[in-house]
Every structure is written in structure tokens, then in C-alpha cells.
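What's in data-v7.csv: CSV, C-alpha atoms
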```csv
chain,number,residue,atom,x,y,z
A,23,MET,CA,9.0,30.0,-61.6
A,24,LYS,CA,10.0,32.6,-59.2
A,25,SER,CA,6.8,32.4,-57.2
A,26,PHE,CA,7.2,28.6,-57.0
A,27,LEU,CA,10.6,28.8,-55.3
A,28,ASN,CA,9.3,31.5,-52.9
A,29,ILE,CA,6.4,29.3,-51.9
A,30,SER,CA,8.7,26.3,-51.5
A,31,CYS,CA,10.9,27.9,-48.9
A,32,LEU,CA,8.0,29.7,-47.2
A,33,SER,CA,6.3,26.4,-46.8
A,34,PHE,CA,9.5,24.9,-45.3
A,35,VAL,CA,9.8,27.7,-42.7
A,36,LEU,CA,6.0,27.7,-42.0
A,37,ALA,CA,5.9,23.9,-41.5
A,38,ALA,CA,8.9,23.9,-39.1
A,39,ALA,CA,7.6,26.8,-37.0
A,40,LEU,CA,4.0,25.6,-36.8
A,41,SER,CA,5.1,22.2,-35.8
A,42,SER,CA,6.5,23.4,-32.5
A,43,TYR,CA,4.0,25.1,-30.3
A,44,ALA,CA,0.7,25.8,-32.1
A,45,GLN,CA,-1.8,23.4,-33.4
A,46,GLY,CA,-0.4,22.1,-36.8
A,47,PHE,CA,1.9,19.2,-36.1
A,48,GLN,CA,2.2,19.9,-32.4
A,49,VAL,CA,2.7,16.7,-30.4
A,50,ASN,CA,1.2,17.0,-26.9
A,51,PHE,CA,2.3,13.5,-25.8
A,52,GLN,CA,4.9,14.1,-23.0
A,53,GLY,CA,3.3,12.1,-20.2
A,54,GLN,CA,0.8,9.2,-20.2
A,55,LYS,CA,-1.0,10.1,-17.0
A,56,GLN,CA,-1.5,13.6,-18.3
A,57,GLN,CA,-2.6,12.4,-21.7
A,58,GLY,CA,-5.3,10.4,-20.0
A,59,MET,CA,-6.6,13.6,-18.4
A,60,GLY,CA,-6.8,15.7,-21.6
A,61,CYS,CA,-3.0,16.4,-21.7
A,62,ALA,CA,-3.3,18.5,-18.5
A,63,GLY,CA,-1.0,18.2,-15.5
A,64,THR,CA,0.7,21.5,-14.7
A,65,ALA,CA,-0.6,21.5,-11.1
A,66,LEU,CA,0.2,17.9,-10.4
A,67,ASN,CA,3.3,15.9,-9.4
A,68,VAL,CA,2.4,12.5,-10.9
A,69,ASP,CA,5.7,11.1,-12.0
A,70,ALA,CA,9.0,12.1,-13.7
A,71,SER,CA,7.1,13.5,-16.6
A,72,SER,CA,6.6,16.6,-14.5
A,73,LEU,CA,10.0,17.6,-15.7
A,74,PHE,CA,8.2,18.7,-18.8
A,75,PHE,CA,4.8,19.7,-17.5
A,76,ASN,CA,6.1,21.7,-14.5
A,77,PRO,CA,9.7,21.5,-13.2
A,78,GLY,CA,8.5,23.0,-10.0
A,79,ALA,CA,6.3,20.0,-9.3
A,80,SER,CA,9.3,17.7,-9.5
A,81,ALA,CA,10.5,19.2,-6.2
A,82,PHE,CA,7.8,17.1,-4.5
A,83,ALA,CA,8.9,13.8,-5.7
A,84,ASN,CA,9.4,11.4,-2.8
A,85,LYS,CA,11.4,8.8,-4.8
A,86,SER,CA,13.8,8.7,-7.7
A,87,GLU,CA,12.3,7.5,-11.0
A,88,VAL,CA,12.8,6.5,-14.6
A,89,ASN,CA,9.9,6.8,-17.0
A,90,LEU,CA,9.9,5.6,-20.7
A,91,ALA,CA,6.9,6.2,-23.0
A,92,GLY,CA,5.8,6.1,-26.6
A,93,THR,CA,2.6,7.1,-28.4
A,94,PRO,CA,2.2,5.9,-32.0
A,95,ILE,CA,0.1,8.4,-34.0
A,96,PHE,CA,-2.3,7.1,-36.8
A,97,ALA,CA,-3.2,10.3,-38.7
A,98,HIS,CA,-4.9,10.8,-42.1
A,99,VAL,CA,-6.1,13.9,-44.0
A,100,LEU,CA,-8.8,14.0,-46.7
A,101,TYR,CA,-8.8,17.0,-49.1
A,102,THR,CA,-11.8,17.8,-51.2
A,103,ASP,CA,-11.4,20.4,-54.0
A,104,SER,CA,-14.2,23.0,-53.9
A,105,ALA,CA,-14.4,23.3,-57.8
A,106,THR,CA,-14.4,19.6,-58.8
A,107,GLN,CA,-15.5,17.9,-55.5
A,108,THR,CA,-12.7,15.4,-56.1
A,109,SER,CA,-11.1,14.0,-53.0
A,110,TYR,CA,-7.5,13.2,-52.3
A,111,ARG,CA,-5.9,11.4,-49.3
A,112,THR,CA,-2.7,11.2,-47.4
A,113,GLN,CA,-0.7,8.0,-47.1
A,114,ASN,CA,1.0,8.9,-43.8
A,115,PRO,CA,3.3,6.4,-42.0
A,116,VAL,CA,2.7,5.9,-38.3
A,117,GLY,CA,4.2,8.7,-36.2
A,118,THR,CA,6.5,7.7,-33.3
A,119,PRO,CA,6.8,10.4,-30.6
A,120,PHE,CA,8.5,9.3,-27.4
A,121,SER,CA,9.7,10.6,-24.1
A,122,ALA,CA,12.3,9.5,-21.6
A,123,TYR,CA,12.7,11.0,-18.1
A,124,GLY,CA,15.1,10.4,-15.3
A,125,LEU,CA,14.5,12.1,-11.9
A,126,TYR,CA,16.9,11.8,-8.9
A,127,ARG,CA,15.7,13.0,-5.5
A,128,CYS,CA,18.5,14.1,-3.3
A,129,LYS,CA,18.9,12.9,0.3
A,130,LYS,CA,20.1,14.1,3.7
A,131,SER,CA,21.3,17.7,3.6
A,132,LEU,CA,20.3,18.1,-0.1
A,133,GLU,CA,16.9,16.6,0.3
A,134,PRO,CA,14.9,19.7,-1.0
A,135,LEU,CA,16.8,19.3,-4.3
A,136,SER,CA,15.9,17.1,-7.2
A,137,PHE,CA,17.7,16.7,-10.5
A,138,GLY,CA,16.4,15.4,-13.7
A,139,LEU,CA,17.0,14.9,-17.4
A,140,ALA,CA,14.1,15.0,-19.9
A,141,ILE,CA,14.2,13.9,-23.5
A,142,TYR,CA,11.1,14.3,-25.6
A,143,THR,CA,9.7,15.0,-29.0
A,144,PRO,CA,7.3,18.0,-28.8
A,145,PHE,CA,6.9,18.1,-32.6
A,146,GLY,CA,7.4,15.8,-35.5
A,147,SER,CA,5.4,14.1,-38.2
A,148,THR,CA,5.4,12.8,-41.8
A,149,VAL,CA,2.7,14.0,-44.3
A,150,GLN,CA,2.7,11.9,-47.5
A,151,TRP,CA,0.1,12.8,-50.1
A,152,GLU,CA,-1.1,10.3,-52.7
A,153,PRO,CA,0.6,10.4,-56.1
A,154,ASN,CA,-0.7,13.1,-58.6
A,155,TRP,CA,-3.0,14.8,-56.1
A,156,ILE,CA,-4.2,18.3,-57.0
A,157,GLY,CA,-1.8,20.0,-54.6
A,158,ARG,CA,1.3,18.3,-55.8
A,159,PHE,CA,2.9,21.7,-56.7
A,160,ALA,CA,2.3,22.8,-53.1
A,161,LEU,CA,3.5,19.6,-51.3
A,162,THR,CA,4.0,15.9,-51.9
A,163,ARG,CA,5.8,14.9,-48.7
A,164,LEU,CA,6.9,16.6,-45.5
A,165,SER,CA,8.9,14.8,-42.8
A,166,LEU,CA,9.7,16.6,-39.5
A,167,LYS,CA,11.8,15.2,-36.7
A,168,ALA,CA,12.9,16.9,-33.5
A,169,ILE,CA,14.3,16.0,-30.1
A,170,PHE,CA,14.4,18.3,-27.1
A,171,ILE,CA,17.0,17.6,-24.4
A,172,GLN,CA,16.3,19.3,-21.0
A,173,PRO,CA,18.6,19.0,-18.0
A,174,THR,CA,16.5,20.2,-15.0
A,175,PHE,CA,16.8,21.1,-11.3
A,176,SER,CA,13.9,21.5,-8.8
A,177,TYR,CA,13.9,22.9,-5.2
A,178,ARG,CA,11.2,22.5,-2.6
A,179,ILE,CA,11.2,25.8,-0.7
A,180,SER,CA,8.6,24.6,1.8
A,181,GLU,CA,6.1,21.8,2.2
A,182,ARG,CA,3.8,23.8,0.0
A,183,LEU,CA,6.0,25.6,-2.6
A,184,GLY,CA,8.3,24.1,-5.2
A,185,ILE,CA,10.2,25.7,-8.1
A,186,GLY,CA,12.2,24.3,-11.0
A,187,ALA,CA,13.8,25.2,-14.3
A,188,GLY,CA,15.5,23.4,-17.2
A,189,PHE,CA,17.7,24.4,-20.0
A,190,VAL,CA,16.4,23.2,-23.4
A,191,ILE,CA,18.6,22.1,-26.3
A,192,SER,CA,16.5,21.5,-29.5
A,193,LYS,CA,17.8,19.5,-32.4
A,194,GLY,CA,15.7,18.7,-35.4
A,195,SER,CA,15.5,18.1,-39.2
A,196,VAL,CA,13.0,18.6,-42.0
A,197,ASN,CA,12.6,17.2,-45.5
A,198,LEU,CA,10.0,18.9,-47.7
A,199,GLN,CA,9.2,17.7,-51.3
A,200,LYS,CA,6.9,18.9,-54.0
A,201,ASP,CA,6.6,18.8,-57.8
A,202,ILE,CA,7.6,21.6,-60.1
A,203,PRO,CA,5.2,22.7,-63.0
A,204,VAL,CA,7.8,22.0,-65.7
A,205,GLN,CA,7.9,18.8,-67.8
A,206,ASP,CA,10.5,16.8,-69.6
A,207,SER,CA,10.0,15.2,-73.1
A,208,LEU,CA,8.2,12.2,-71.4
A,209,GLY,CA,5.7,14.4,-69.6
A,210,ASN,CA,7.3,13.9,-66.2
A,211,TYR,CA,7.1,16.9,-63.8
A,212,GLY,CA,10.1,18.3,-62.1
A,213,HIS,CA,10.7,17.8,-58.4
A,214,ALA,CA,12.1,19.8,-55.6
A,215,GLU,CA,13.5,18.6,-52.3
A,216,LEU,CA,14.4,20.9,-49.4
A,217,ALA,CA,16.3,19.4,-46.5
A,218,GLY,CA,18.0,20.9,-43.5
A,219,LYS,CA,18.9,20.5,-39.8
A,220,ALA,CA,18.1,23.0,-37.1
A,221,ILE,CA,19.3,23.7,-33.6
A,222,GLY,CA,17.8,26.0,-31.0
A,223,PHE,CA,18.0,26.9,-27.3
A,224,GLY,CA,15.5,27.8,-24.6
A,225,TYR,CA,14.3,27.1,-21.1
A,226,ASN,CA,11.4,25.6,-19.2
A,227,ALA,CA,10.5,27.0,-15.7
A,228,GLY,CA,7.7,26.4,-13.3
A,229,ILE,CA,6.2,26.8,-9.8
A,230,LEU,CA,3.8,24.5,-7.9
A,231,TYR,CA,2.0,25.8,-4.8
A,232,HIS,CA,-0.2,23.6,-2.7
A,233,VAL,CA,-2.8,26.0,-1.3
A,234,ASN,CA,-4.1,23.2,1.0
A,235,GLU,CA,-4.4,19.5,1.0
A,236,ARG,CA,-6.9,19.5,-1.8
A,237,PHE,CA,-6.2,22.4,-4.0
A,238,SER,CA,-3.0,23.1,-6.0
A,239,MET,CA,-1.9,25.7,-8.5
A,240,GLY,CA,0.9,25.6,-11.1
A,241,LEU,CA,2.4,28.1,-13.4
A,242,THR,CA,5.0,27.3,-16.1
A,243,TYR,CA,6.7,29.3,-18.8
A,244,ARG,CA,8.4,27.7,-21.9
A,245,SER,CA,10.6,30.3,-23.5
A,246,LYS,CA,10.8,31.4,-27.1
A,247,VAL,CA,13.2,29.1,-29.1
A,248,SER,CA,14.9,30.5,-32.1
A,249,MET,CA,15.7,27.5,-34.4
A,250,SER,CA,18.6,28.2,-36.7
A,251,VAL,CA,18.8,26.4,-40.0
A,252,ASP,CA,22.2,26.7,-41.6
A,253,ASN,CA,23.4,25.1,-44.9
A,254,GLY,CA,20.1,23.5,-45.7
A,255,ASN,CA,20.2,21.6,-49.0
A,256,ALA,CA,17.9,22.5,-51.9
A,257,THR,CA,17.9,19.8,-54.7
A,258,PHE,CA,16.0,20.2,-58.0
A,259,THR,CA,15.2,17.5,-60.6
A,260,VAL,CA,14.4,19.4,-63.8
A,261,PRO,CA,15.0,19.1,-67.6
A,262,ASN,CA,18.6,20.0,-68.4
A,263,ALA,CA,17.6,23.1,-70.3
A,264,LEU,CA,16.3,24.5,-66.9
A,265,SER,CA,19.1,23.4,-64.7
A,266,SER,CA,20.7,26.8,-64.6
A,267,SER,CA,17.4,28.3,-63.4
A,268,PHE,CA,17.0,25.7,-60.6
A,269,PRO,CA,20.6,25.3,-59.3
A,270,ASN,CA,21.2,22.9,-56.4
A,271,GLY,CA,22.6,24.8,-53.4
A,272,THR,CA,22.1,25.8,-49.8
A,273,PHE,CA,19.9,28.1,-47.8
A,274,SER,CA,19.6,29.4,-44.2
A,275,SER,CA,16.9,30.8,-42.0
A,276,GLN,CA,16.1,31.9,-38.4
A,277,LEU,CA,12.9,30.5,-37.1
A,278,PRO,CA,11.3,32.2,-34.1
A,279,LEU,CA,9.1,29.9,-32.1
A,280,PRO,CA,6.8,31.6,-29.6
A,281,SER,CA,6.8,31.3,-25.8
A,282,VAL,CA,4.0,29.4,-24.0
A,283,LEU,CA,2.6,30.4,-20.6
A,284,THR,CA,0.4,27.8,-18.8
A,285,LEU,CA,-1.7,28.1,-15.7
A,286,GLY,CA,-2.8,24.8,-14.1
A,287,LEU,CA,-5.2,23.9,-11.3
A,288,SER,CA,-5.9,20.7,-9.5
A,289,PHE,CA,-8.5,19.7,-7.0
A,290,SER,CA,-8.8,16.5,-5.0
A,291,ALA,CA,-12.4,16.0,-4.1
A,292,ASN,CA,-11.6,13.0,-2.0
A,293,LYS,CA,-9.2,10.1,-1.8
A,294,LYS,CA,-10.5,8.7,-5.1
A,295,TRP,CA,-11.3,11.7,-7.4
A,296,THR,CA,-8.8,14.3,-8.7
A,297,PHE,CA,-9.7,17.0,-11.3
A,298,VAL,CA,-7.2,19.1,-13.4
A,299,LEU,CA,-7.4,22.0,-15.7
A,300,ASP,CA,-4.7,23.7,-17.8
A,301,LEU,CA,-5.0,27.0,-19.7
A,302,ASN,CA,-2.3,27.6,-22.3
A,303,ARG,CA,-1.4,31.0,-23.9
A,304,VAL,CA,0.8,30.8,-27.0
A,305,ASN,CA,2.4,34.1,-27.9
A,306,TRP,CA,2.1,33.8,-31.7
A,307,LYS,CA,2.4,37.6,-32.1
A,308,VAL,CA,6.1,37.3,-32.3
A,309,TYR,CA,5.7,35.3,-35.5
A,310,ASP,CA,4.8,38.0,-38.0
A,311,THR,CA,7.3,37.6,-40.8
A,312,LEU,CA,9.0,34.7,-42.7
A,313,ALA,CA,12.4,35.3,-44.2
A,314,PHE,CA,15.1,33.0,-45.8
A,315,ASP,CA,18.3,33.4,-47.6
A,316,TYR,CA,19.7,31.3,-50.6
A,317,ALA,CA,23.4,31.0,-51.0
A,318,GLN,CA,22.9,31.2,-54.8
A,319,ASN,CA,20.2,33.3,-56.4
A,320,THR,CA,18.8,33.3,-60.0
A,321,SER,CA,15.8,34.9,-61.6
A,322,ALA,CA,13.8,31.8,-60.4
A,323,LEU,CA,15.3,31.6,-57.0
A,324,SER,CA,15.5,34.8,-54.9
A,325,ASP,CA,15.6,35.7,-51.2
A,326,THR,CA,12.2,36.7,-49.8
A,327,LYS,CA,10.5,38.2,-46.8
A,328,SER,CA,6.8,37.5,-46.3
A,329,ALA,CA,4.4,38.9,-43.7
A,330,ARG,CA,2.3,36.3,-41.8
A,331,ASN,CA,0.8,38.3,-38.9
A,332,TYR,CA,-0.2,35.2,-36.9
A,333,GLU,CA,-2.5,35.4,-33.9
A,334,SER,CA,-1.7,34.4,-30.4
A,335,ILE,CA,-4.0,31.6,-29.2
A,336,PHE,CA,-5.5,30.0,-26.1
A,337,ALA,CA,-5.9,26.2,-25.5
A,338,PHE,CA,-7.9,24.6,-22.7
A,339,ARG,CA,-7.2,21.1,-21.4
A,340,GLY,CA,-8.8,19.2,-18.5
A,341,GLY,CA,-9.7,15.9,-17.1
A,342,ALA,CA,-10.1,13.7,-14.0
A,343,ALA,CA,-8.5,10.7,-12.4
A,344,TYR,CA,-10.4,8.0,-10.4
A,345,THR,CA,-8.3,5.8,-8.0
A,346,ALA,CA,-10.2,2.6,-7.9
A,347,SER,CA,-7.7,0.7,-5.7
A,348,GLU,CA,-4.1,0.7,-4.7
A,349,LYS,CA,-3.3,-0.9,-8.0
A,350,TRP,CA,-5.7,0.7,-10.5
A,351,THR,CA,-6.4,4.3,-11.6
A,352,PHE,CA,-8.6,5.3,-14.4
A,353,ARG,CA,-8.6,8.7,-16.3
A,354,PHE,CA,-10.6,10.7,-18.9
A,355,GLY,CA,-10.5,14.2,-20.3
A,356,GLY,CA,-10.4,16.4,-23.3
A,357,GLY,CA,-9.4,19.8,-24.6
A,358,PHE,CA,-10.0,22.6,-27.1
A,359,GLY,CA,-7.4,24.7,-28.9
A,360,PHE,CA,-7.8,27.6,-31.3
A,361,SER,CA,-5.8,27.7,-34.5
A,362,PRO,CA,-3.2,30.4,-35.0
A,363,VAL,CA,-3.5,30.1,-38.8
A,364,GLN,CA,-5.6,32.9,-40.2
A,365,SER,CA,-7.8,32.4,-43.3
A,366,GLY,CA,-5.8,32.4,-46.5
A,367,PHE,CA,-2.8,30.6,-45.0
A,368,VAL,CA,-4.0,27.0,-44.5
A,369,THR,CA,-1.5,24.7,-46.3
A,370,PRO,CA,-1.2,20.9,-47.0
A,371,GLU,CA,1.7,20.8,-44.5
A,372,THR,CA,-0.5,22.2,-41.7
A,373,PRO,CA,-4.2,21.8,-42.6
A,374,ASP,CA,-5.0,23.4,-39.2
A,375,ALA,CA,-8.3,24.2,-37.6
A,376,ASN,CA,-9.8,24.8,-34.2
A,377,ARG,CA,-9.2,21.4,-32.4
A,378,LEU,CA,-11.5,19.5,-30.1
A,379,TYR,CA,-10.3,16.1,-28.7
A,380,GLY,CA,-11.0,13.5,-26.1
A,381,THR,CA,-8.7,11.2,-24.1
A,382,THR,CA,-8.9,8.2,-21.7
A,383,GLY,CA,-6.2,6.4,-19.7
A,384,LEU,CA,-5.4,4.0,-16.9
A,385,SER,CA,-2.5,3.0,-14.6
A,386,PHE,CA,-1.6,-0.3,-13.0
A,387,ARG,CA,0.8,-0.4,-10.0
A,388,ALA,CA,2.4,-3.8,-10.0
A,389,ASN,CA,4.4,-3.2,-6.8
A,390,GLU,CA,6.3,-0.4,-5.0
A,391,HIS,CA,8.8,-0.2,-7.8
A,392,PHE,CA,7.1,-0.9,-11.1
A,393,SER,CA,4.0,0.6,-12.7
A,394,PHE,CA,2.4,0.8,-16.1
A,395,ASP,CA,0.4,3.6,-17.8
A,396,ALA,CA,-1.7,3.7,-21.0
A,397,SER,CA,-3.7,6.4,-22.8
A,398,MET,CA,-5.8,6.9,-25.9
A,399,TYR,CA,-6.2,10.2,-27.8
A,400,VAL,CA,-8.8,10.9,-30.5
A,401,THR,CA,-9.5,14.0,-32.6
A,402,ARG,CA,-11.1,15.2,-35.8
A,403,MET,CA,-10.7,18.6,-37.5
A,404,ARG,CA,-12.3,20.2,-40.5
A,405,ARG,CA,-11.2,23.5,-42.3
A,406,SER,CA,-12.2,25.1,-45.6
A,407,ASP,CA,-9.9,27.8,-47.0
A,408,LYS,CA,-8.4,29.2,-50.2
A,409,ASN,CA,-4.6,29.7,-49.8
A,410,LEU,CA,-3.5,33.1,-51.0
A,411,GLU,CA,-0.2,31.8,-52.4
A,412,THR,CA,-0.9,28.4,-53.9
A,413,GLN,CA,-4.6,29.1,-54.7
A,414,LEU,CA,-5.6,25.7,-53.3
A,415,ASN,CA,-9.3,26.1,-52.5
A,416,GLY,CA,-11.0,23.3,-50.7
A,417,THR,CA,-11.7,21.5,-47.4
A,418,PHE,CA,-9.3,19.5,-45.3
A,419,THR,CA,-10.7,16.9,-42.9
A,420,SER,CA,-8.1,15.4,-40.5
A,421,ILE,CA,-8.5,12.5,-38.0
A,422,ALA,CA,-5.9,11.2,-35.6
A,423,LEU,CA,-5.8,8.2,-33.2
A,424,ALA,CA,-3.0,7.9,-30.7
A,425,PRO,CA,-2.7,5.0,-28.2
A,426,GLY,CA,0.2,5.5,-25.7
A,427,ILE,CA,2.0,3.4,-23.2
A,428,SER,CA,4.7,4.0,-20.5
A,429,LEU,CA,6.8,2.0,-18.0
A,430,ASN,CA,7.9,3.4,-14.7
A,431,TYR,CA,10.5,2.3,-12.2
A,432,ARG,CA,10.8,4.0,-8.8
A,433,TRP,CA,13.3,3.5,-6.0
```
Could I get this file's structure written as C-alpha cells?
Amino acid sequence: MKSFLNISCLSFVLAAALSSYAQGFQVNFQGQKQQGMGCAGTALNVDASSLFFNPGASAFANKSEVNLAGTPIFAHVLYTDSATQTSYRTQNPVGTPFSAYGLYRCKKSLEPLSFGLAIYTPFGSTVQWEPNWIGRFALTRLSLKAIFIQPTFSYRISERLGIGAGFVISKGSVNLQKDIPVQDSLGNYGHAELAGKAIGFGYNAGILYHVNERFSMGLTYRSKVSMSVDNGNATFTVPNALSSSFPNGTFSSQLPLPSVLTLGLSFSANKKWTFVLDLNRVNWKVYDTLAFDYAQNTSALSDTKSARNYESIFAFRGGAAYTASEKWTFRFGGGFGFSPVQSGFVTPETPDANRLYGTTGLSFRANEHFSFDASMYVTRMRRSDKNLETQLNGTFTSIALAPGISLNYRW
């Protein structure tokens, strides 16, 4: 029983951390125009979503703007056990990441300054496995929700150089459930539920430099965010005879989320074609150990510290935009990201693998104030592994489809 509880909390911490910056449950949907170009846009000022992609680019906004967007995610996972070749599927609800940006361009003596507020969901998902699947003692359901709030300022130093920075407040919650390998008189397995809320702080800073009229470079740094989980609730449904071994109670943990450094390039070949490329470096080396603390310990429920030794990763994103007319713009792109999860640590919460994806998008400008954007994201991943803790040995195949839409108002 002791190993079960250790794995339960390790899974909780692992899921929350992976969901933020690495592959896992990372949500890269913070701007529809960028999503259409492979989720790249560090070296561009396209709209108020630059508050996320590069606060320095916001310094070049020529109007104030409000941008509202949503990208429903339709994602499913198929797991095939290596020994029996039996397959099991998730029954995931539709994910609902969103973003909201407000950017105000100062005038007169304060004209080089811009102020903004960004609210977005950089991670969050629900994984729901079908009843009685083979990994029920590892996971039955995981729900992650998070909202990042980022007040931001930007300053245009010259006609070519802009800088910006934003303070990040991260608020989130997690609910993890799994079955326990103990049975009551009717043969029903026990059940565990871990739920908690987390808060963390960080910053997002960036620089945009226009080398010339055609070529631009952007550099951004999103800081490490330490998510603090205090007084999380652990609830166990077990036969009465085992209730003293599985007491309901609280737990706490500190979750270090790694920093992200991004270099972006953009090139305008002519008035119609623009090409972009982003290179991300995620410093996963800081995430080498998992630790948690229960308020009440028993022989089946003890505090643990577990080595993870994750790898830092690179991700590549790129695409192009074609301006067909004053009203219509079309986009396409794609990307590739390495997985930070080493062999032996793949879990049902984050059945992660090296990720290749494709995107398309378009924009329609109704008039000088209103415009509309849409995008489509498609990916498929496959990873075979044997988890060292749960001993789950099989292949995860994941697919995801995410159509997005945004409305913009400028004045």
C-alpha cells in the first residue's frame, strides 16, 4: 500500500509540472494568428496577443486593441498493452483554453509607452480513461485548470527597438483520481482522489528589433514559476477495516516550473508573404526531484522524495502568412518538439512523445475596427514505454484536433 500512495502523489506533482511548459498537457494556443503559423510569432507584432508572445513587440502597436479567443481541443488517447495487445481508450471532454488581451497605446508625450493586460490558459486539460482499464491503479481521471494573469508594459526605444515585461500571477487547480488495489465484500475496488489549488509568480520579458524593413528578430524569456500547493485534500474510499491506513487529510508541495527562452525571426519577402521561425529552449534541468509532504502519515502514507532527472528540450515552430487582399490573410505552418520525459517515466497523465504538428489559419478584416481570425491545429503522437513505478508496459497513441477563433476590436 505504501508504494501506491507514493505513486499517487508523485503522479499529482508530475502532472501539474509537465502541464506547464514541456510537451505533456502544454497548451500553445495564446494567439490565433500565431497558431495559424505553427504557433510562432516572437518576432512579429500582429495584435494584442503579442503581450504573451513578446511584450517588446507590443511597443510597436499603432492602435489600442481588445482581443478575445478560444480554441476547443478534441483529444483522445489509445493505449495498447504489450502483453495482451488489448486496447483501452480515453473518454475526454472537450478542452476549453482561452485568451483575453487588452492593449492600450499611450498618446502625446507618453506615445512610446503601451500598457496591457493578458489573461490566458497556458496549461489545462482533462484526461478521463474508460472504466476498468488496465491502468486504473495508475489513473482514472485527471483534471487540470490554470489561469495566468499578466499586467504588462512596453516601451519603444526607437523606430526599430522595443522592450517590454509583464508580471505573471498563476492560479490553478488539479483533481487526480485512481483506483486502489483493495476490495470490499462486493468486490468493488477502493478509490483515491487528490485535489488542490496552486499559486505561483513569475515574469515574461521580451525585445523586438527591426533589423530593416524586411527582417526582424525577437528574444523572450519566461521565468521559472514555483507553484505552491498548500492544504491539498486527499480523500480515500476504502473498506472500513482499512480506513486507518488511508486517512483523509491534507498535503503540500512546491512545484518548480522551468524557464523558457525563445528566439524568433521574421522575414517579409514582399508585401504579400511573411515567414516566421521560433526556437524554444525549455530548461528542464531544474526539475530533477519530486517531493511532497502529508500532514498525517501512516505506514501506507509517507512523505517521499523521488529523483526525476528530466532533460532540457528544444522545440521548433515556423510558418508563413499570405496577404491576399486588404481583407483576407491566409496562414500555414507546423512545428516539432522533443519530449522531456525520459524512458521509464511515461504515464497515463502525460503519455508524452516527440511531437510533430501542422496548422492552418486565416484572418478577415471587416473594417478599420473589427477583424476575425481562425486557425486549425492537428497532431498525432506515439510512444512505447514501461513505467518504472507502475509497471505499465505498452504503447500510447494520442491525437488532437483544435479549431480556434478570435475577435478583435481596434481603435
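A straight line drawn from CA of Thr284 in chain A to CA of Asn305 in chain A is 11.2 Å long.
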**OP:** Considering only C-alpha atoms, state which residue in the set A:Phe74, A:Gly184, A:Ser80, A:Gly355 is at the smallest distance from Gln172 in chain A.
**Re:**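 When distances to Gln172 in chain A are compared using only C-alpha atoms, the smallest one comes from A:Phe74.
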**OP:** Quote the spacing between CA of Leu285 in chain A and CA of Phe75 in chain A in Å to one decimal place.
**Re:**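 Those two atoms sit 10.8 Å apart.
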**OP:** Please indicate the distance in Å from CA of Ser109 in chain A to CA of Phe360 in chain A, rounded to one decimal place.
**Re:** 25.8 Å
Original post:
Do you know which residues are at most 12 Å from Ser265 in chain A counting all atoms listed in the file, after dropping those on the same chain fewer than 3 positions away, and could you put them as a list in words?
Top reply: Val204, Asp206, Gly212, His213, Thr257, Phe258, Thr259, Val260, Pro261, Asn262, Phe268, Pro269, Asn270, Gly271, Thr320, Ala322 and Leu323 of chain A
Original post:
Which one of A:Trp155, A:Gln318, A:Met239, A:Gly138 sits closest to Thr102 in chain A if you count all atoms listed in the file?
Top reply: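 For Thr102 in chain A, the nearest of the given residues is A:Trp155.
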Original post:
Which of these residues is nearest to Val368 in chain A, using only C-alpha atoms: A:Ile202, A:Leu410, A:Ala62, A:Val116?
Top reply: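 Smallest separation from Val368 in chain A among the options: A:Leu410.
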Original post:
Looking at only C-alpha atoms, which of A:Pro173, A:Pro144, A:Pro153, A:Pro280 is the one that sits closest to Tyr126 in chain A?
Top reply: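 Closest to Tyr126 in chain A of all the choices is A:Pro173.
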Original post:
Looking at all atoms listed in the file, which of A:Ala337, A:Ala83, A:Leu279, A:Leu384 is the one that sits closest to Lys129 in chain A?
Top reply: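 That would be A:Ala83, the residue with the smallest distance to Lys129 in chain A.
The point (-7.5, 30.1, -38.9) has these residues within 9 Å of it when only C-alpha atoms are used: Glu333, Phe360, Ser361, Pro362, Val363, Gln364, Ser365, Gly366, Phe367, Val368, Asp374, Ala375, Asn376, Arg405 and Asp407 of chain A.
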**OP:** Select, from A:Tyr316, A:Trp433, A:Phe289, A:Trp295, the residue with the minimum atom-to-atom distance to Val251 in chain A, counting all atoms listed in the file.
**Re:** A:Tyr316
Grab range 357-371 of chain A from that structure and dump N, CA and C atoms to a file, as an mmCIF file, in the first residue's frame.
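Output (out_7.cif):
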```cif
data_model
loop_
_atom_site.group_PDB
_atom_site.id
_atom_site.type_symbol
_atom_site.label_atom_id
_atom_site.label_comp_id
_atom_site.auth_asym_id
_atom_site.auth_seq_id
_atom_site.Cartn_x
_atom_site.Cartn_y
_atom_site.Cartn_z
ATOM 1 N N GLY A 357 5.342 22.504 -36.531
ATOM 2 C CA GLY A 357 6.420 22.522 -35.552
ATOM 3 C C GLY A 357 6.789 21.136 -35.094
ATOM 4 N N PHE A 358 7.893 21.087 -34.369
ATOM 5 C CA PHE A 358 8.385 19.839 -33.795
ATOM 6 C C PHE A 358 8.963 20.128 -32.416
ATOM 7 N N GLY A 359 8.606 19.302 -31.439
ATOM 8 C CA GLY A 359 9.129 19.469 -30.094
ATOM 9 C C GLY A 359 9.595 18.149 -29.519
ATOM 10 N N PHE A 360 10.773 18.150 -28.912
ATOM 11 C CA PHE A 360 11.274 16.962 -28.233
ATOM 12 C C PHE A 360 10.572 16.797 -26.890
ATOM 13 N N SER A 361 10.420 15.565 -26.455
ATOM 14 C CA SER A 361 9.812 15.296 -25.161
ATOM 15 C C SER A 361 10.865 15.337 -24.057
ATOM 16 N N PRO A 362 10.560 15.970 -22.907
ATOM 17 C CA PRO A 362 11.491 15.957 -21.781
ATOM 18 C C PRO A 362 11.405 14.678 -20.955
ATOM 19 N N VAL A 363 10.389 13.857 -21.211
ATOM 20 C CA VAL A 363 10.152 12.656 -20.411
ATOM 21 C C VAL A 363 11.063 11.533 -20.889
ATOM 22 N N GLN A 364 11.948 11.091 -20.034
ATOM 23 C CA GLN A 364 12.861 10.025 -20.398
ATOM 24 C C GLN A 364 12.170 8.670 -20.315
ATOM 25 N N SER A 365 12.750 7.691 -20.945
ATOM 26 C CA SER A 365 12.206 6.339 -20.929
ATOM 27 C C SER A 365 12.107 5.840 -19.489
ATOM 28 N N GLY A 366 10.975 5.177 -19.200
ATOM 29 C CA GLY A 366 10.726 4.679 -17.858
ATOM 30 C C GLY A 366 9.821 5.574 -17.039
ATOM 31 N N PHE A 367 9.486 6.774 -17.570
ATOM 32 C CA PHE A 367 8.685 7.722 -16.807
ATOM 33 C C PHE A 367 7.422 8.166 -17.536
ATOM 34 N N VAL A 368 7.071 7.526 -18.637
ATOM 35 C CA VAL A 368 5.847 7.872 -19.352
ATOM 36 C C VAL A 368 4.651 7.392 -18.530
ATOM 37 N N THR A 369 3.648 8.258 -18.350
ATOM 38 C CA THR A 369 2.492 7.945 -17.512
ATOM 39 C C THR A 369 1.187 8.174 -18.261
ATOM 40 N N PRO A 370 0.071 7.630 -17.761
ATOM 41 C CA PRO A 370 -1.231 7.890 -18.378
ATOM 42 C C PRO A 370 -1.658 9.350 -18.272
ATOM 43 N N GLU A 371 -1.101 10.090 -17.288
ATOM 44 C CA GLU A 371 -1.415 11.514 -17.194
ATOM 45 C C GLU A 371 -0.766 12.288 -18.320
#
```
